[in-house]
Amino acid sequence: MRRRSYFLPVMGGVLVLITLWSACVGSYPLSLSQLWAILTGELRGSMEEKVFLSLRLPRVAMGVLAGGALGLAGGIYQTIFRNSLASPDLTGVASGASFGAAAAIVLGAGTGWHIMFGSFVAGVLSLLVVLVLVSLSGMEKMGSYILSGILVSSLADAGLMLLKFMADPERELAAIEFWTMGSLGTVTAEKLMPQVLFVAVPMVVLLCCSRQAVMLSLGSEHARGLGLAPGVWRAVFLGLSTLMIAGVVSITGVIAFVGLIAPHIAFLLYRRRNTGYFVLCTLMGSVLLLVADILARSLYRGAELPLSILTVLLSVPVLAGLICRRKGGPHGALV
């Protein structure tokens, strides 16, 4: 227990260091001394301050927020579904959001605001369809949610392929492909602020309700015995997670594997599912996404790599190590 207590402050310190590093890296690099001068007002009105406030700060803030949301959502999904492969894609929110963004692009919406709106609405609608299908099935078992999510994801993917076929190859198709690979390159303060509530508020509520998530992981019968309504609480967790992820995807596009891998790393370190575990999932997701974004800006001179390329590459060795150490735990950890 004493060993576990160190992981949260250590990971918090790592996140602070990575955040500072991310704030310095870019086509217009900043030093730590310049960051301090900006924060203290010594460089007021300078180009460094404009770069930091208008571009670098919103990007880093979105990286912390988006990574934390993906990591926390993955931890919630893997806990309540008791499935090591559960991730935010399970309810079709990522596929639905991609379809909404692609529809906005092909229909000629033109502005980033329309794309964000289309992505967010389609992501939320995906969850509503899943909940309707589960309700019509008359069973609120975990398998019903998974199968409904697969169905919705398949339909959204089919619609996305159709939109790609209809898209202008020189302009619209490239925009759709880039969206489906994720990026923080287009994040600005104007885009970030309206979506903060859709991400930060569900995140706080989910962390406060982590005890109920652990109770759900014991199974429906045990949860009822503890005074919990499994169907209601499962819908609450899915709804809040989907709202959170839809808010992220509507700004960043689809970012692969962070929601899958961050909870596994957190469980390897913490070895217990409780509030501390979910906080560690959040911190780990932020660290992974910021590291991927730093690499995206640094590896290829003159251009920025899509985030999903880096998040997949970062995840492969971790997943390979987990597979080699697998012992078949019933709670969905690959350890």
# chains A, B, ... in the order shown; residues from 1 in each chain; ligands from 1
call {"tool": "closest_atom_pairs", "arguments": {"of": "segment 91-208 of chain A", "to": "segment 263-278 of chain A", "cutoff": "9 Å", "atoms": "only C-alpha atoms", "output": "Markdown table"}}
result
| residue | atom | partner | partner_atom | distance |
| --- | --- | --- | --- | --- |
| A:Leu206 | CA | A:Phe278 | CA | 8.9 |
| A:Leu207 | CA | A:Thr275 | CA | 6.7 |
| A:Cys208 | CA | A:Thr275 | CA | 7.9 |
call {"tool": "write_last_selection", "arguments": {"atoms": "all heavy atoms", "output": "PDB file, in the first residue's frame"}}
result
ATOM      1  N   LEU A 206     -16.927  11.609 -13.025  1.00  0.00           N
ATOM      2  CA  LEU A 206     -16.502  10.216 -13.108  1.00  0.00           C
ATOM      3  C   LEU A 206     -15.503   9.866 -12.011  1.00  0.00           C
ATOM      4  O   LEU A 206     -15.565   8.786 -11.417  1.00  0.00           O
ATOM      5  CB  LEU A 206     -15.882   9.939 -14.482  1.00  0.00           C
ATOM      6  CG  LEU A 206     -16.869   9.859 -15.650  1.00  0.00           C
ATOM      7  CD1 LEU A 206     -16.118   9.807 -16.971  1.00  0.00           C
ATOM      8  CD2 LEU A 206     -17.786   8.656 -15.515  1.00  0.00           C
ATOM      9  N   LEU A 207     -14.581  10.765 -11.734  1.00  0.00           N
ATOM     10  CA  LEU A 207     -13.613  10.514 -10.664  1.00  0.00           C
ATOM     11  C   LEU A 207     -14.304  10.458  -9.302  1.00  0.00           C
ATOM     12  O   LEU A 207     -13.947   9.646  -8.444  1.00  0.00           O
ATOM     13  CB  LEU A 207     -12.535  11.593 -10.663  1.00  0.00           C
ATOM     14  CG  LEU A 207     -11.517  11.523 -11.817  1.00  0.00           C
ATOM     15  CD1 LEU A 207     -10.613  12.751 -11.809  1.00  0.00           C
ATOM     16  CD2 LEU A 207     -10.680  10.255 -11.723  1.00  0.00           C
ATOM     17  N   CYS A 208     -15.302  11.307  -9.115  1.00  0.00           N
ATOM     18  CA  CYS A 208     -16.041  11.304  -7.840  1.00  0.00           C
ATOM     19  C   CYS A 208     -16.894  10.043  -7.675  1.00  0.00           C
ATOM     20  O   CYS A 208     -17.186   9.635  -6.546  1.00  0.00           O
ATOM     21  CB  CYS A 208     -16.926  12.548  -7.747  1.00  0.00           C
ATOM     22  SG  CYS A 208     -16.010  14.102  -7.578  1.00  0.00           S
TER      23      CYS A 208
END
call {"tool": "residues_around", "arguments": {"residues": "Val204 of chain A", "least_positions_apart": "6", "cutoff": "12 Å", "atoms": "only C-alpha atoms", "output": "list in words"}}
result
Leu65, Gly68, Ala69, Leu72, Ala73, Val196, Leu197, Phe198, Ser210, Leu240, Ser241, Met244, Thr275, Phe278, Val279 and Thr282 of chain A
call {"tool": "residues_around", "arguments": {"residues": "Leu155 of chain A", "least_positions_apart": "3", "cutoff": "10 Å", "atoms": "only C-alpha atoms", "output": "JSON, numbers by chain"}}
result
{"A": [92, 95, 96, 99, 126, 149, 150, 151, 152, 158, 159, 160, 161]}
call {"tool": "closest_residue", "arguments": {"among": "A:Leu70, A:Ile309, A:Ile80, A:Leu136", "to": "Ala200 of chain A", "atoms": "only C-alpha atoms"}}
result
A:Leu70
call {"tool": "atom_distance", "arguments": {"atom1": "atom CA of Lys191 of chain A", "atom2": "atom CA of Trp179 of chain A"}}
result
15.3 Å
call {"tool": "atom_distance", "arguments": {"atom1": "atom CA of Ala86 of chain A", "atom2": "atom CA of Phe120 of chain A"}}
result
21.2 Å
call {"tool": "closest_residue", "arguments": {"among": "A:Leu243, A:Ala102, A:Leu288, A:Cys24", "to": "Leu55 of chain A", "atoms": "only C-alpha atoms"}}
result
A:Cys24
call {"tool": "select_by_dssp", "arguments": {"residues": "segment 79-310 of chain A", "states": "helix (DSSP H, G or I)", "output": "PyMOL selection string"}}
result
chain A and resi 79-80+88-91+93-106+112-137+142-166+172-179+189-208+210-216+220-225+230-252+258-270+275-298+307-310
call {"tool": "atom_distance", "arguments": {"atom1": "atom CA of Val121 of chain A", "atom2": "atom CA of Met193 of chain A"}}
result
17.4 Å
call {"tool": "residues_around", "arguments": {"residues": "Ser144 of chain A", "least_positions_apart": "6", "cutoff": "9 Å", "atoms": "only C-alpha atoms", "output": "PDB file with N, CA, C and O atoms, in the first residue's frame"}}
result
ATOM      1  N   VAL A 130     -26.942   3.242 -29.226  1.00  0.00           N
ATOM      2  CA  VAL A 130     -26.532   2.073 -28.450  1.00  0.00           C
ATOM      3  C   VAL A 130     -27.494   1.832 -27.297  1.00  0.00           C
ATOM      4  O   VAL A 130     -27.937   0.693 -27.052  1.00  0.00           O
ATOM      5  N   LEU A 133     -30.788   0.441 -28.564  1.00  0.00           N
ATOM      6  CA  LEU A 133     -30.664  -0.969 -28.944  1.00  0.00           C
ATOM      7  C   LEU A 133     -30.632  -1.864 -27.711  1.00  0.00           C
ATOM      8  O   LEU A 133     -31.253  -2.934 -27.688  1.00  0.00           O
ATOM      9  N   VAL A 134     -29.908  -1.439 -26.675  1.00  0.00           N
ATOM     10  CA  VAL A 134     -29.860  -2.218 -25.439  1.00  0.00           C
ATOM     11  C   VAL A 134     -31.240  -2.286 -24.799  1.00  0.00           C
ATOM     12  O   VAL A 134     -31.681  -3.331 -24.324  1.00  0.00           O
ATOM     13  N   SER A 137     -33.438  -4.672 -26.663  1.00  0.00           N
ATOM     14  CA  SER A 137     -33.062  -6.072 -26.466  1.00  0.00           C
ATOM     15  C   SER A 137     -33.660  -6.640 -25.185  1.00  0.00           C
ATOM     16  O   SER A 137     -33.764  -7.856 -25.024  1.00  0.00           O
TER      17      SER A 137
END
call {"tool": "closest_residue", "arguments": {"among": "A:Val248, A:Met181, A:Met47, A:Leu238", "to": "Ala296 of chain A", "atoms": "only C-alpha atoms"}}
result
A:Met181
call {"tool": "residues_around", "arguments": {"residues": "segment 37-40 of chain A", "least_positions_apart": "3", "cutoff": "6 Å", "atoms": "only C-alpha atoms", "output": "list of chain:residue names"}}
result
A:Gln34, A:Leu43, A:Glu49
call {"tool": "write_last_selection", "arguments": {"atoms": "N, CA and C atoms", "output": "mmCIF file, in the first residue's frame"}}
result
data_model
loop_
_atom_site.group_PDB
_atom_site.id
_atom_site.type_symbol
_atom_site.label_atom_id
_atom_site.label_comp_id
_atom_site.auth_asym_id
_atom_site.auth_seq_id
_atom_site.Cartn_x
_atom_site.Cartn_y
_atom_site.Cartn_z
ATOM 1 N N GLN A 34 12.376 31.888 -20.988
ATOM 2 C CA GLN A 34 11.386 32.695 -21.703
ATOM 3 C C GLN A 34 9.974 32.426 -21.177
ATOM 4 N N LEU A 43 7.962 39.776 -20.800
ATOM 5 C CA LEU A 43 7.953 39.768 -22.267
ATOM 6 C C LEU A 43 6.586 40.168 -22.804
ATOM 7 N N GLU A 49 5.447 35.873 -26.332
ATOM 8 C CA GLU A 49 4.198 35.832 -25.581
ATOM 9 C C GLU A 49 3.019 35.486 -26.484
#
call {"tool": "residues_around", "arguments": {"residues": "Leu15 of chain A", "least_positions_apart": "2", "cutoff": "10 Å", "atoms": "only C-alpha atoms", "output": "PyMOL selection string"}}
result
chain A and resi 9-13+17-21+64+283-288+290-291
call {"tool": "write_last_selection", "arguments": {"atoms": "N, CA, C and O atoms", "output": "mmCIF file, in the first residue's frame"}}
result
data_model
loop_
_atom_site.group_PDB
_atom_site.id
_atom_site.type_symbol
_atom_site.label_atom_id
_atom_site.label_comp_id
_atom_site.auth_asym_id
_atom_site.auth_seq_id
_atom_site.Cartn_x
_atom_site.Cartn_y
_atom_site.Cartn_z
ATOM 1 N N PRO A 9 1.787 11.081 -6.813
ATOM 2 C CA PRO A 9 2.615 12.292 -6.863
ATOM 3 C C PRO A 9 3.761 12.202 -7.856
ATOM 4 O O PRO A 9 4.104 13.210 -8.505
ATOM 5 N N VAL A 10 4.344 10.997 -8.016
ATOM 6 C CA VAL A 10 5.431 10.851 -8.990
ATOM 7 C C VAL A 10 4.920 11.081 -10.405
ATOM 8 O O VAL A 10 5.535 11.811 -11.201
ATOM 9 N N MET A 11 3.775 10.472 -10.727
ATOM 10 C CA MET A 11 3.222 10.655 -12.073
ATOM 11 C C MET A 11 2.758 12.088 -12.275
ATOM 12 O O MET A 11 2.859 12.632 -13.385
ATOM 13 N N GLY A 12 2.256 12.731 -11.211
ATOM 14 C CA GLY A 12 1.902 14.140 -11.315
ATOM 15 C C GLY A 12 3.125 14.992 -11.627
ATOM 16 O O GLY A 12 3.064 15.920 -12.448
ATOM 17 N N GLY A 13 4.254 14.689 -10.971
ATOM 18 C CA GLY A 13 5.488 15.412 -11.262
ATOM 19 C C GLY A 13 5.970 15.177 -12.676
ATOM 20 O O GLY A 13 6.436 16.109 -13.356
ATOM 21 N N LEU A 17 6.588 18.008 -15.739
ATOM 22 C CA LEU A 17 7.811 18.124 -16.533
ATOM 23 C C LEU A 17 7.525 17.974 -18.029
ATOM 24 O O LEU A 17 8.054 18.740 -18.853
ATOM 25 N N ILE A 18 6.683 16.996 -18.382
ATOM 26 C CA ILE A 18 6.337 16.798 -19.795
ATOM 27 C C ILE A 18 5.565 17.992 -20.329
ATOM 28 O O ILE A 18 5.746 18.413 -21.483
ATOM 29 N N THR A 19 4.712 18.570 -19.500
ATOM 30 C CA THR A 19 3.946 19.750 -19.908
ATOM 31 C C THR A 19 4.877 20.925 -20.213
ATOM 32 O O THR A 19 4.708 21.632 -21.222
ATOM 33 N N LEU A 20 5.859 21.150 -19.358
ATOM 34 C CA LEU A 20 6.831 22.220 -19.600
ATOM 35 C C LEU A 20 7.632 21.958 -20.871
ATOM 36 O O LEU A 20 7.878 22.877 -21.665
ATOM 37 N N TRP A 21 8.027 20.717 -21.057
ATOM 38 C CA TRP A 21 8.761 20.348 -22.276
ATOM 39 C C TRP A 21 7.907 20.604 -23.513
ATOM 40 O O TRP A 21 8.371 21.172 -24.502
ATOM 41 N N VAL A 64 -3.220 17.828 -22.381
ATOM 42 C CA VAL A 64 -3.426 17.329 -21.015
ATOM 43 C C VAL A 64 -4.876 16.877 -20.831
ATOM 44 O O VAL A 64 -5.153 15.798 -20.305
ATOM 45 N N LEU A 283 -3.769 10.658 -15.368
ATOM 46 C CA LEU A 283 -2.416 11.209 -15.491
ATOM 47 C C LEU A 283 -1.628 10.498 -16.585
ATOM 48 O O LEU A 283 -0.924 11.137 -17.383
ATOM 49 N N MET A 284 -1.749 9.173 -16.650
ATOM 50 C CA MET A 284 -1.009 8.401 -17.644
ATOM 51 C C MET A 284 -1.468 8.738 -19.059
ATOM 52 O O MET A 284 -0.644 8.855 -19.981
ATOM 53 N N GLY A 285 -2.772 8.911 -19.250
ATOM 54 C CA GLY A 285 -3.270 9.303 -20.569
ATOM 55 C C GLY A 285 -2.715 10.647 -21.012
ATOM 56 O O GLY A 285 -2.324 10.818 -22.171
ATOM 57 N N SER A 286 -2.662 11.608 -20.084
ATOM 58 C CA SER A 286 -2.105 12.928 -20.409
ATOM 59 C C SER A 286 -0.639 12.836 -20.786
ATOM 60 O O SER A 286 -0.185 13.460 -21.760
ATOM 61 N N VAL A 287 0.128 12.051 -20.030
ATOM 62 C CA VAL A 287 1.561 11.899 -20.317
ATOM 63 C C VAL A 287 1.771 11.261 -21.687
ATOM 64 O O VAL A 287 2.584 11.739 -22.498
ATOM 65 N N LEU A 288 1.032 10.187 -21.986
ATOM 66 C CA LEU A 288 1.187 9.505 -23.268
ATOM 67 C C LEU A 288 0.871 10.427 -24.432
ATOM 68 O O LEU A 288 1.604 10.470 -25.435
ATOM 69 N N LEU A 290 0.850 13.786 -24.529
ATOM 70 C CA LEU A 290 1.816 14.878 -24.651
ATOM 71 C C LEU A 290 3.129 14.388 -25.254
ATOM 72 O O LEU A 290 3.736 15.077 -26.085
ATOM 73 N N VAL A 291 3.588 13.212 -24.843
ATOM 74 C CA VAL A 291 4.811 12.654 -25.427
ATOM 75 C C VAL A 291 4.622 12.418 -26.927
ATOM 76 O O VAL A 291 5.499 12.744 -27.742
#
call {"tool": "residues_around", "arguments": {"residues": "Leu173 of chain A", "least_positions_apart": "6", "cutoff": "10 Å", "atoms": "only C-alpha atoms", "output": "list in words"}}
result
Ala102, Ile105, Val106, Leu163, Lys164, Phe165, Met166, Ala167 and Trp179 of chain A
call {"tool": "write_last_selection", "arguments": {"atoms": "C-alpha atoms", "output": "PDB file, in the first residue's frame"}}
result
ATOM      1  CA  ALA A 102     -16.546  13.740 -42.564  1.00  0.00           C
ATOM      2  CA  ILE A 105     -16.429  18.285 -44.683  1.00  0.00           C
ATOM      3  CA  VAL A 106     -18.159  16.664 -47.678  1.00  0.00           C
ATOM      4  CA  LEU A 163     -18.302   9.751 -47.700  1.00  0.00           C
ATOM      5  CA  LYS A 164     -14.673   9.090 -48.641  1.00  0.00           C
ATOM      6  CA  PHE A 165     -15.873   7.682 -51.966  1.00  0.00           C
ATOM      7  CA  MET A 166     -17.969  10.810 -52.560  1.00  0.00           C
ATOM      8  CA  ALA A 167     -15.298  13.266 -51.393  1.00  0.00           C
ATOM      9  CA  TRP A 179      -9.057  14.031 -39.181  1.00  0.00           C
TER      10      TRP A 179
END
